Amino acid sequence: MPKTQQLKQLAAAEELYKIASPNQEYPFEFICFKITGYRPKEHTTEMVSGKELIESLPMYVARSSARLRLPAAKQKEKIYSLAETAKKLNISIRTIERWQKRGFFGKKYLFPDGSLKTGFTKSQIDEFVKANPSLVKKAAGFSITPLHLKDEIIERASQIARDKTLSRTAVIRKVAAEFARAPETIRSIIVDCEKNHKKQIFLHRHSVIGTSQAAMIFNMFEQGASVGALAEKFGKSTSSIYRIITQRRIRKLLAARIEFIPSDEFLAPDARRDILSGRGYVRRTPRKILSDPQGKIDRQNWEDFIKTVKKIPMLNRQQETELFKRYNFLKFLFAETTGKLSLTKSCGRDAHIAEELLAESQRLKNIIIEANLKLVISIAGRHATGANVQDLVSEGNMALMRAVEKFDYTKGFRFSTYASWIIARDFAHYLPAEAARGRMISEQSDEQAHLIAAKVSEIEEIETAHKSLMQVIENNLTEREQHVIRYHFGLAGTMVKKQFKTLKQIGSDLGVSKERVRQIELKALQKLRQTLSPEEFELLTR
């Protein structure tokens with residue numbers, strides 16, 4: 001792509017950030033058009049939340065500008081580095097990093113010293129200061145701490161810290177209140193003091209956190225409690241809480257048993273680029289119909305469940321293959337990433353990557369499951385005699401989830417054929433009337449199920465050809481001729497369960513002799529031989 005076009009897209013992304021609202025959802029096609037000026041070739045109904053969009057755009061701008069390697073010295077206006085911006089506004093670099101969430105994010109520039117780092121234009125800085133005067137003034141006020149005042153803060157912190165019942169966070173907050181400073185400012189002063197070995201303020205304060213207490217902290221964090229609130233409640237520093245949470249996250253990831261279908265494609269040098277950015281990708285957000293992880297359906301919402309399932313689009317063969325490939329590749333990457341994790345050292349970044357891989361693989365799994373819920377309902381309807389169809393659908397949903405895990409997409413046939421067999425196998429266990437059949441089916445391994453699915457796939461292709469053949473028959477034969485051909489050649493049923501009749505039985509239906517039926521059949525076949533191709537005629541008569 002030409003550099004000028006890339007610069008236009010970069011500017012468009014920044015403009016999109018300014019108008020994006022966190023409380024809104026945006027069509028993926030709209031986002032793509034706003035940034036590139038083009039609409040995706042494949043239509044998609046995927047919606048992206050404003051919050052996700054606002055979080056993603058700064059990263060997009062940083063990566064895109066890094067690729068361009070824009071020389072800072074050649075820009076139309078002065079470019080300030082992070083350090084220069086901090087000095088200009090009389091604040092810390094960390095404060096600027098926090099402000100990125102408020103929209104104050106820069107691009108990557110190539111500075112005269114040869115380093116590629118974040119920079120801000122003068123107009124960008126002025127615009128942010130104008131839009132946030134009180135925020136900038138407050139931050140600047142906190143950052144100016146005279147040397148003599150820092151000494152007083154250190155001395156007072158040492159005095160308060162003698163009370164061993166107070167946590168590090170509690171000490172910092174108390175000092176901050178006394179000196180009318182932000183807790184982050186006090187924390188920074190103390191860290192700098194301890195780092196430079198000037199004075200150790202918190203001595204022998206590292207109490208061991210028990211297993212049950214660590215589990216409680218992690219559970220509360222997962223339920224939405226903030227790190228600061230947890231630090232206050234348990235009398236620990238925020239860094240201690242972060243360390244506990246990271247260890248628990250790693251423990252949880254290592255305990256996850258994730259299996260994937262291997263493929264040589266995963267080992268290719270450009271696998272990540274080719275597989276995760278290929279065509280045919282379904283970008284929509286799952287509707288989360290099955291909020292129950294076991295696939296159970298709330299009886300009170302049964303009608304809503306059916307209505308919603310009807311609206312979910314089916315996956316074509318390409319979409320299905322792409323989804324299963326990505327789904328298994330993400331689990332492959334998850335296994336690689338968790339292999340680097342260790343409980344003995346901090347691996348927060350790797351843990352975060354592993355969690356994102358797992359979350360994305362689950363999203364794709366949900367899309368596949370939801371696109372095949374119609375299949376479950378259809379099969380349940382055929383087996384519902386003597387059973388509550390809602391219970392049967394719940395059982396089928398669980399079978400469908402397992403089928404997604406086990407399906408080997410590399411064999412080249414449709415998932416629906418494999419899933420149908422797995423669901424029917426579970427129904428055979430669930431329904432007493434099919435117990436004998438259940439014992440027979442239960443002996444089939446997953447590999448045999450794949451082989452059966454391949455055979456069923458062939459049958460489906462033949463049935464499709466038969467539907468086309470029936471259209472030709474209806475267009476070229478009389479009603480009597482159609483009746484003879486349908487029942488003598490088994491076209492009245494399906495390829496799995498054909499409905500045959502003898503010439504005598506057909507004659508009884510039509511009120512004519514067996515010989516007359518033979519004459520009608522010969523005449524009909526002569527007509528069809530002139531209309532059908534040799535292959536189609538063979539399909540009819542075999």
# chains A, B, ... in the order shown; residues from 1 in each chain; ligands from 1
$ residues_around --residues "A:Pro22" --least-positions-apart "3" --cutoff "10 Å" --atoms "only C-alpha atoms" --output "list in words"
Ile19, Glu25, Ser49, Gly50, Lys51, Glu52, Leu53, Ile54 and Glu55 of chain A
$ residues_around --residues "A:Tyr60" --least-positions-apart "6" --cutoff "12 Å" --atoms "only C-alpha atoms" --output "PyMOL selection string"
chain A and resi 6+9-14+16-17+35+53-54+66-67+105-108
$ write_last_selection --atoms "N, CA and C atoms" --output "CSV table (one decimal), in the first residue's frame"
chain,number,residue,atom,x,y,z
A,6,GLN,N,-1.4,5.0,3.5
A,6,GLN,CA,-1.3,4.6,4.9
A,6,GLN,C,-1.5,5.8,5.9
A,9,GLN,N,-5.1,6.6,6.2
A,9,GLN,CA,-5.8,5.7,7.1
A,9,GLN,C,-5.5,5.9,8.6
A,10,LEU,N,-4.2,6.3,8.8
A,10,LEU,CA,-3.8,6.7,10.2
A,10,LEU,C,-4.6,7.9,10.7
A,11,ALA,N,-4.7,8.9,9.8
A,11,ALA,CA,-5.5,10.1,10.2
A,11,ALA,C,-7.0,9.7,10.4
A,12,ALA,N,-7.5,8.9,9.6
A,12,ALA,CA,-8.9,8.5,9.7
A,12,ALA,C,-9.2,7.7,11.0
A,13,ALA,N,-8.2,6.9,11.4
A,13,ALA,CA,-8.3,6.1,12.6
A,13,ALA,C,-8.4,7.1,13.8
A,14,GLU,N,-7.6,8.2,13.8
A,14,GLU,CA,-7.6,9.2,14.9
A,14,GLU,C,-8.9,9.9,14.9
A,16,LEU,N,-11.8,8.7,13.9
A,16,LEU,CA,-12.8,7.8,14.3
A,16,LEU,C,-12.8,7.7,15.8
A,17,TYR,N,-11.6,7.8,16.4
A,17,TYR,CA,-11.4,7.7,17.9
A,17,TYR,C,-12.2,8.9,18.5
A,35,ILE,N,-12.0,3.8,8.1
A,35,ILE,CA,-10.5,3.8,8.2
A,35,ILE,C,-9.9,3.7,6.8
A,53,LEU,N,-13.7,-0.7,20.6
A,53,LEU,CA,-13.1,0.2,19.5
A,53,LEU,C,-12.2,1.2,20.1
A,54,ILE,N,-12.6,1.9,21.1
A,54,ILE,CA,-11.8,2.9,21.8
A,54,ILE,C,-10.5,2.4,22.3
A,66,ALA,N,4.5,2.9,13.6
A,66,ALA,CA,5.8,2.3,13.7
A,66,ALA,C,6.3,1.7,12.4
A,67,ARG,N,5.3,1.1,11.6
A,67,ARG,CA,5.7,0.6,10.3
A,67,ARG,C,6.2,1.7,9.4
A,105,PHE,N,-2.9,10.0,23.1
A,105,PHE,CA,-2.0,9.0,22.6
A,105,PHE,C,-1.3,9.5,21.4
A,106,GLY,N,0.0,9.2,21.3
A,106,GLY,CA,0.8,9.7,20.2
A,106,GLY,C,1.0,8.7,19.1
A,107,LYS,N,1.9,9.0,18.2
A,107,LYS,CA,2.3,8.1,17.1
A,107,LYS,C,3.8,7.7,17.4
A,108,LYS,N,4.2,6.7,16.7
A,108,LYS,CA,5.6,6.3,16.8
A,108,LYS,C,6.4,7.1,15.7
$ closest_residue --among "A:Lys374, A:Leu230, A:Pro40, A:Ala176" --to "A:Lys307" --atoms "only C-alpha atoms"
A:Lys374
$ residues_around --residues "A:Pro112" --least-positions-apart "4" --cutoff "8 Å" --atoms "only C-alpha atoms" --output "PyMOL selection string"
chain A and resi 71-73
$ write_last_selection --atoms "N, CA and C atoms" --output "PDB file, in the first residue's frame"
ATOM      1  N   PRO A  71       9.968  10.206  10.186  1.00  0.00           N
ATOM      2  CA  PRO A  71      11.058  11.000  10.789  1.00  0.00           C
ATOM      3  C   PRO A  71      10.496  12.182  11.563  1.00  0.00           C
ATOM      4  N   ALA A  72      10.817  12.294  12.832  1.00  0.00           N
ATOM      5  CA  ALA A  72      10.287  13.373  13.671  1.00  0.00           C
ATOM      6  C   ALA A  72      10.736  14.741  13.162  1.00  0.00           C
ATOM      7  N   ALA A  73      11.961  14.813  12.660  1.00  0.00           N
ATOM      8  CA  ALA A  73      12.523  16.095  12.227  1.00  0.00           C
ATOM      9  C   ALA A  73      11.873  16.622  10.950  1.00  0.00           C
TER      10      ALA A  73
END
$ residues_around --residues "A:Ala419" --least-positions-apart "4" --cutoff "8 Å" --atoms "only C-alpha atoms" --output "ChimeraX atom specification"
/A:399-400,403-404,415,423
$ write_last_selection --atoms "C-alpha atoms" --output "mmCIF file, in the first residue's frame"
data_model
loop_
_atom_site.group_PDB
_atom_site.id
_atom_site.type_symbol
_atom_site.label_atom_id
_atom_site.label_comp_id
_atom_site.auth_asym_id
_atom_site.auth_seq_id
_atom_site.Cartn_x
_atom_site.Cartn_y
_atom_site.Cartn_z
ATOM 1 C CA ALA A 399 -23.401 -33.295 22.705
ATOM 2 C CA LEU A 400 -22.909 -30.459 20.205
ATOM 3 C CA ALA A 403 -18.600 -32.498 18.982
ATOM 4 C CA VAL A 404 -17.025 -29.059 18.389
ATOM 5 C CA PHE A 415 -19.314 -30.590 10.670
ATOM 6 C CA ILE A 423 -26.050 -36.023 18.938
#
$ residues_around --residues "A:Gln75" --least-positions-apart "6" --cutoff "12 Å" --atoms "only C-alpha atoms" --output "number ranges by chain"
A: 69, 109-111, 119-122
$ residues_around --residues "A:Arg162" --least-positions-apart "3" --cutoff "12 Å" --atoms "only C-alpha atoms" --output "list in words"
Glu155, Arg156, Ala157, Ser158, Gln159, Thr165, Leu166, Ser167, Arg168, Val171, Gln200, Ile201, Phe202, Leu203, His204 and Arg205 of chain A
$ closest_atom_pairs --of "stretch 113-224 of chain A" --to "stretch 247-251 of chain A" --cutoff "12 Å" --atoms "only C-alpha atoms" --output "tab-separated table"
residue	atom	partner	partner_atom	distance
A:Thr211	CA	A:Arg248	CA	10.1
A:Ser212	CA	A:Arg248	CA	11.6
A:Gln213	CA	A:Arg248	CA	11.6
A:Ala214	CA	A:Arg248	CA	7.9
A:Ala215	CA	A:Arg248	CA	7.6
A:Met216	CA	A:Arg248	CA	10.5
A:Ile217	CA	A:Arg248	CA	9.5
A:Phe218	CA	A:Arg248	CA	6.7
A:Asn219	CA	A:Arg248	CA	9.6
A:Phe221	CA	A:Arg248	CA	10.7
A:Glu222	CA	A:Arg249	CA	10.0
$ write_last_selection --atoms "C-alpha atoms" --output "short mmCIF file (atom, residue, chain, number, x, y, z; two decimals), in the first residue's frame"
data_model
loop_
_atom_site.label_atom_id
_atom_site.label_comp_id
_atom_site.auth_asym_id
_atom_site.auth_seq_id
_atom_site.Cartn_x
_atom_site.Cartn_y
_atom_site.Cartn_z
CA THR A 211 -3.62 -20.41 50.32
CA SER A 212 -7.21 -19.87 51.44
CA GLN A 213 -6.68 -16.09 51.72
CA ALA A 214 -5.07 -15.98 48.25
CA ALA A 215 -8.01 -17.94 46.82
CA MET A 216 -10.43 -15.50 48.45
CA ILE A 217 -8.57 -12.49 47.03
CA PHE A 218 -8.62 -13.98 43.53
CA ASN A 219 -12.32 -14.87 43.71
CA PHE A 221 -11.08 -9.90 42.03
CA GLU A 222 -12.86 -12.05 39.44
#
$ residues_around --residues "A:Arg173" --least-positions-apart "2" --cutoff "9 Å" --atoms "only C-alpha atoms" --output "count of residues only"
12
$ atom_distance --atom1 "atom CA of A:Ile485" --atom2 "atom CA of A:Phe500"
10.1 Å
$ atom_distance --atom1 "atom CA of A:Ala380" --atom2 "atom CA of A:Glu322"
27.7 Å
$ atom_distance --atom1 "atom CA of A:Val129" --atom2 "atom CA of A:Val61"
21.0 Å
$ select_by_dssp --residues "stretch 108-354 of chain A" --states "helix (DSSP H, G or I)" --output "MDAnalysis selection string"
chainID A and resid 122:131 133:143 147:161 168:179 183:195 211:222 227:234 238:255 264:267 271:276 299:311 317:338 348:354
$ select_by_dssp --residues "stretch 66-173 of chain A" --states "strand (DSSP E)" --output "PyMOL selection string"
chain A and resi 70-71+79-81+107-110+116-121
$ write_last_selection --atoms "N, CA and C atoms" --output "mmCIF file, in the first residue's frame"
data_model
loop_
_atom_site.group_PDB
_atom_site.id
_atom_site.type_symbol
_atom_site.label_atom_id
_atom_site.label_comp_id
_atom_site.auth_asym_id
_atom_site.auth_seq_id
_atom_site.Cartn_x
_atom_site.Cartn_y
_atom_site.Cartn_z
ATOM 1 N N LEU A 70 8.075 7.323 10.654
ATOM 2 C CA LEU A 70 7.992 8.736 10.280
ATOM 3 C C LEU A 70 9.122 9.526 10.940
ATOM 4 N N PRO A 71 9.968 10.206 10.186
ATOM 5 C CA PRO A 71 11.058 11.000 10.789
ATOM 6 C C PRO A 71 10.496 12.182 11.563
ATOM 7 N N ILE A 79 7.811 17.744 17.019
ATOM 8 C CA ILE A 79 7.378 16.515 17.684
ATOM 9 C C ILE A 79 8.099 16.407 19.032
ATOM 10 N N TYR A 80 7.317 16.258 20.102
ATOM 11 C CA TYR A 80 7.888 16.132 21.443
ATOM 12 C C TYR A 80 7.889 14.656 21.846
ATOM 13 N N SER A 81 9.011 14.186 22.353
ATOM 14 C CA SER A 81 9.071 12.814 22.858
ATOM 15 C C SER A 81 8.306 12.733 24.182
ATOM 16 N N LYS A 107 1.892 9.017 18.179
ATOM 17 C CA LYS A 107 2.329 8.076 17.146
ATOM 18 C C LYS A 107 3.776 7.705 17.419
ATOM 19 N N LYS A 108 4.237 6.708 16.696
ATOM 20 C CA LYS A 108 5.640 6.325 16.768
ATOM 21 C C LYS A 108 6.412 7.132 15.720
ATOM 22 N N TYR A 109 7.492 7.775 16.159
ATOM 23 C CA TYR A 109 8.320 8.581 15.254
ATOM 24 C C TYR A 109 9.770 8.115 15.341
ATOM 25 N N LEU A 110 10.490 8.357 14.252
ATOM 26 C CA LEU A 110 11.926 8.053 14.226
ATOM 27 C C LEU A 110 12.669 9.337 14.591
ATOM 28 N N LEU A 116 13.111 4.691 17.714
ATOM 29 C CA LEU A 116 11.703 4.757 17.328
ATOM 30 C C LEU A 116 10.876 4.800 18.601
ATOM 31 N N LYS A 117 10.268 5.955 18.890
ATOM 32 C CA LYS A 117 9.538 6.075 20.149
ATOM 33 C C LYS A 117 8.318 6.977 19.989
ATOM 34 N N THR A 118 7.477 6.954 21.015
ATOM 35 C CA THR A 118 6.229 7.721 20.980
ATOM 36 C C THR A 118 6.511 9.217 21.010
ATOM 37 N N GLY A 119 5.750 9.944 20.187
ATOM 38 C CA GLY A 119 5.894 11.395 20.140
ATOM 39 C C GLY A 119 4.551 12.080 19.974
ATOM 40 N N PHE A 120 4.495 13.369 20.344
ATOM 41 C CA PHE A 120 3.264 14.151 20.270
ATOM 42 C C PHE A 120 3.548 15.449 19.513
ATOM 43 N N THR A 121 2.600 15.860 18.694
ATOM 44 C CA THR A 121 2.742 17.138 18.000
ATOM 45 C C THR A 121 2.394 18.255 18.976
#
